[in-house]
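Below is one structure; the comments refer to it alone.
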Amino acid sequence: MRPKQTDPSNARIALRVQQDVQALLKSKNRCLSQLISITEDALRASMPGSGTSLESLLPSFDQRRLAIFRAIELVDQEIARAVPKAQVPVDRQGMKALVEEQQKLFHSLQGLDSKLIENFEAALEAGQREIAQQMQNREKLARFKSQAHGSSGEGLDRTL
């Protein structure tokens with residue numbers, strides 16, 4: 001039996017598709033790197049004492065992340081369309097390196113997201129404690145007013 005001969009034009013097409021998939025994987029990795037970068041920026045900005053409020057940080061952070069996730073989704077769709085066309089053996093080392101890099105980027109992003117969530121939760125808890133403290137202060141002031149000058153405390157308000 002003779003080895004199977006492949007049509008040279010099909011081989012060229014498959015090679016081109018393979019190159020396109022590698023380029024798409026590189027593009028996806030660049031998107032992941034950008035995602036890591038903006039997450040690191042948000043993490044620094046969310047640290048206690050940074051002077052940045054969550055209200056000012058979250059809208060732009062969410063918009064930037066959403067735009068990158070949409071780009072990644074488009075890249076994934078292009079990869080899914082291209083992969084079935086590749087009918088020749090692929091450059092396993094090149095693809096393996098790109099996929100390993102992608103896994104490292106995902107792992108890094110996951111760690112950053114966990115830290116960012118911890119910072120957001122800490123800021124939320126601090127905000128809740130502050131609100132509770134303000135409510136207690138209002139209650140104390142209302143009790144003081146009612147005990148000092150009748151039930152409404154209007155006399156004390158005028159005095160103050």
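Please note that chains go A, B, ... in the order of the structure tokens, that every chain numbers its residues from 1, and that ligands are numbered from 1 in the order shown.
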Select from region 8-40 of chain A every residue with an atom at most 12 Å from any atom of region 44-56 of chain A, then for each give the shortest pair of atoms and their distance in Å to one decimal, using only C-alpha atoms, rows by chain and rising number, as a Markdown table.
| residue | atom | partner | partner_atom | distance |
| --- | --- | --- | --- | --- |
| A:Ser37 | CA | A:Arg44 | CA | 10.8 |
| A:Ile38 | CA | A:Arg44 | CA | 9.9 |
| A:Thr39 | CA | A:Arg44 | CA | 8.6 |
| A:Glu40 | CA | A:Arg44 | CA | 6.2 |
For the residues in the current selection, export N, CA and C atoms as a short mmCIF file (atom, residue, chain, number, x, y, z; two decimals), in the first residue's frame.
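Final output, out_29.cif:
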data_model
loop_
_atom_site.label_atom_id
_atom_site.label_comp_id
_atom_site.auth_asym_id
_atom_site.auth_seq_id
_atom_site.Cartn_x
_atom_site.Cartn_y
_atom_site.Cartn_z
N SER A 37 -3.91 43.41 32.64
CA SER A 37 -3.41 44.76 32.91
C SER A 37 -4.47 45.66 33.53
N ILE A 38 -5.67 45.67 32.97
CA ILE A 38 -6.71 46.54 33.54
C ILE A 38 -7.18 46.01 34.89
N THR A 39 -7.11 44.70 35.09
CA THR A 39 -7.49 44.14 36.38
C THR A 39 -6.45 44.51 37.43
N GLU A 40 -5.17 44.49 37.06
CA GLU A 40 -4.12 44.93 37.98
C GLU A 40 -4.30 46.40 38.35
#
Using DSSP on the backbone coordinates, identify all residues within chain A classified as helix (DSSP H, G or I); present the result as number ranges by chain.
A: 8-46, 54-85, 92-148, 154-159
Pull C-alpha atoms from the residues just selected and write them as a tab-separated table (two decimals), in the first residue's frame.
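Result file is again00.tsv:
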chain	number	residue	atom	x	y	z
A	8	PRO	CA	-0.97	20.30	-2.74
A	9	SER	CA	-3.66	22.98	-2.93
A	10	ASN	CA	-5.49	21.44	0.03
A	11	ALA	CA	-2.23	21.27	1.96
A	12	ARG	CA	-1.57	24.97	1.25
A	13	ILE	CA	-5.08	25.88	2.35
A	14	ALA	CA	-4.74	23.82	5.52
A	15	LEU	CA	-1.36	25.40	6.26
A	16	ARG	CA	-2.85	28.86	5.80
A	17	VAL	CA	-5.75	27.96	8.11
A	18	GLN	CA	-3.25	26.70	10.68
A	19	GLN	CA	-1.34	29.98	10.47
A	20	ASP	CA	-4.61	31.89	10.85
A	21	VAL	CA	-5.53	29.86	13.94
A	22	GLN	CA	-2.12	30.53	15.46
A	23	ALA	CA	-2.53	34.24	14.76
A	24	LEU	CA	-5.97	34.15	16.36
A	25	LEU	CA	-4.58	32.38	19.43
A	26	LYS	CA	-1.89	35.05	19.70
A	27	SER	CA	-4.58	37.71	19.43
A	28	LYS	CA	-6.59	36.02	22.17
A	29	ASN	CA	-3.51	35.92	24.39
A	30	ARG	CA	-2.96	39.65	23.80
A	31	CYS	CA	-6.57	40.27	24.83
A	32	LEU	CA	-6.01	38.23	27.98
A	33	SER	CA	-2.86	40.23	28.72
A	34	GLN	CA	-4.85	43.47	28.36
A	35	LEU	CA	-7.49	42.04	30.66
A	36	ILE	CA	-4.82	41.25	33.24
A	37	SER	CA	-3.41	44.76	32.91
A	38	ILE	CA	-6.71	46.54	33.54
A	39	THR	CA	-7.49	44.14	36.38
A	40	GLU	CA	-4.12	44.93	37.98
A	41	ASP	CA	-4.90	48.65	37.62
A	42	ALA	CA	-8.30	48.14	39.25
A	43	LEU	CA	-6.72	46.06	42.00
A	44	ARG	CA	-4.27	48.85	42.82
A	45	ALA	CA	-7.06	51.43	42.73
A	46	SER	CA	-9.29	49.32	45.00
A	54	LEU	CA	-15.67	51.93	43.99
A	55	GLU	CA	-18.39	54.07	42.49
A	56	SER	CA	-15.86	55.81	40.26
A	57	LEU	CA	-13.81	52.68	39.53
A	58	LEU	CA	-16.46	50.14	38.58
A	59	PRO	CA	-18.18	51.72	35.55
A	60	SER	CA	-15.04	52.21	33.46
A	61	PHE	CA	-13.55	48.93	34.66
A	62	ASP	CA	-16.69	47.02	33.68
A	63	GLN	CA	-16.86	48.70	30.27
A	64	ARG	CA	-13.23	47.95	29.47
A	65	ARG	CA	-13.51	44.32	30.61
A	66	LEU	CA	-16.73	43.81	28.67
A	67	ALA	CA	-15.12	45.15	25.49
A	68	ILE	CA	-12.20	42.75	25.87
A	69	PHE	CA	-14.51	39.81	26.61
A	70	ARG	CA	-16.45	40.62	23.43
A	71	ALA	CA	-13.20	40.66	21.45
A	72	ILE	CA	-12.23	37.30	22.93
A	73	GLU	CA	-15.63	35.92	22.02
A	74	LEU	CA	-15.17	37.04	18.41
A	75	VAL	CA	-11.71	35.46	18.29
A	76	ASP	CA	-13.12	32.22	19.68
A	77	GLN	CA	-15.83	32.23	17.00
A	78	GLU	CA	-13.21	32.70	14.28
A	79	ILE	CA	-11.13	29.87	15.70
A	80	ALA	CA	-14.18	27.60	15.80
A	81	ARG	CA	-14.92	28.38	12.14
A	82	ALA	CA	-11.33	27.83	11.05
A	83	VAL	CA	-10.45	24.65	12.93
A	84	PRO	CA	-12.70	22.24	10.99
A	85	LYS	CA	-11.05	23.42	7.75
A	92	ARG	CA	1.88	20.81	17.72
A	93	GLN	CA	4.76	22.61	19.44
A	94	GLY	CA	3.65	26.04	18.26
A	95	MET	CA	0.03	25.42	19.18
A	96	LYS	CA	1.00	23.82	22.49
A	97	ALA	CA	3.10	26.85	23.45
A	98	LEU	CA	0.22	29.22	22.65
A	99	VAL	CA	-2.28	27.15	24.61
A	100	GLU	CA	0.10	26.88	27.59
A	101	GLU	CA	0.57	30.65	27.54
A	102	GLN	CA	-3.20	31.05	27.45
A	103	GLN	CA	-3.60	28.75	30.46
A	104	LYS	CA	-1.01	30.78	32.41
A	105	LEU	CA	-2.83	34.00	31.51
A	106	PHE	CA	-6.17	32.55	32.63
A	107	HIS	CA	-4.62	31.37	35.91
A	108	SER	CA	-3.08	34.80	36.53
A	109	LEU	CA	-6.36	36.53	35.73
A	110	GLN	CA	-8.24	34.23	38.08
A	111	GLY	CA	-5.88	35.11	40.94
A	112	LEU	CA	-6.19	38.83	40.25
A	113	ASP	CA	-9.97	38.60	40.08
A	114	SER	CA	-10.04	36.82	43.45
A	115	LYS	CA	-7.95	39.57	45.05
A	116	LEU	CA	-10.10	42.25	43.42
A	117	ILE	CA	-13.27	40.62	44.73
A	118	GLU	CA	-11.75	40.51	48.22
A	119	ASN	CA	-11.02	44.25	48.00
A	120	PHE	CA	-14.55	44.98	46.79
A	121	GLU	CA	-16.03	42.90	49.60
A	122	ALA	CA	-13.84	44.68	52.18
A	123	ALA	CA	-14.93	48.06	50.82
A	124	LEU	CA	-18.56	46.96	50.92
A	125	GLU	CA	-18.22	45.77	54.52
A	126	ALA	CA	-16.56	49.05	55.50
A	127	GLY	CA	-19.40	50.97	53.86
A	128	GLN	CA	-21.98	48.87	55.66
A	129	ARG	CA	-20.24	49.44	59.01
A	130	GLU	CA	-20.17	53.19	58.34
A	131	ILE	CA	-23.88	53.22	57.52
A	132	ALA	CA	-24.68	51.23	60.66
A	133	GLN	CA	-22.60	53.65	62.74
A	134	GLN	CA	-24.40	56.65	61.23
A	135	MET	CA	-27.77	55.06	61.96
A	136	GLN	CA	-26.75	54.45	65.58
A	137	ASN	CA	-25.60	58.06	65.89
A	138	ARG	CA	-28.92	59.31	64.52
A	139	GLU	CA	-30.82	57.11	66.95
A	140	LYS	CA	-28.75	58.39	69.88
A	141	LEU	CA	-29.30	61.99	68.79
A	142	ALA	CA	-33.04	61.42	68.44
A	143	ARG	CA	-33.20	59.86	71.93
A	144	PHE	CA	-31.19	62.72	73.37
A	145	LYS	CA	-33.44	65.30	71.72
A	146	SER	CA	-36.61	63.61	72.93
A	147	GLN	CA	-35.31	63.25	76.50
A	148	ALA	CA	-33.93	66.77	76.72
A	154	GLU	CA	-37.67	70.98	68.20
A	155	GLY	CA	-36.66	73.11	71.14
A	156	LEU	CA	-33.19	71.60	71.16
A	157	ASP	CA	-32.85	72.16	67.40
A	158	ARG	CA	-33.62	75.85	67.88
A	159	THR	CA	-31.16	76.05	70.74
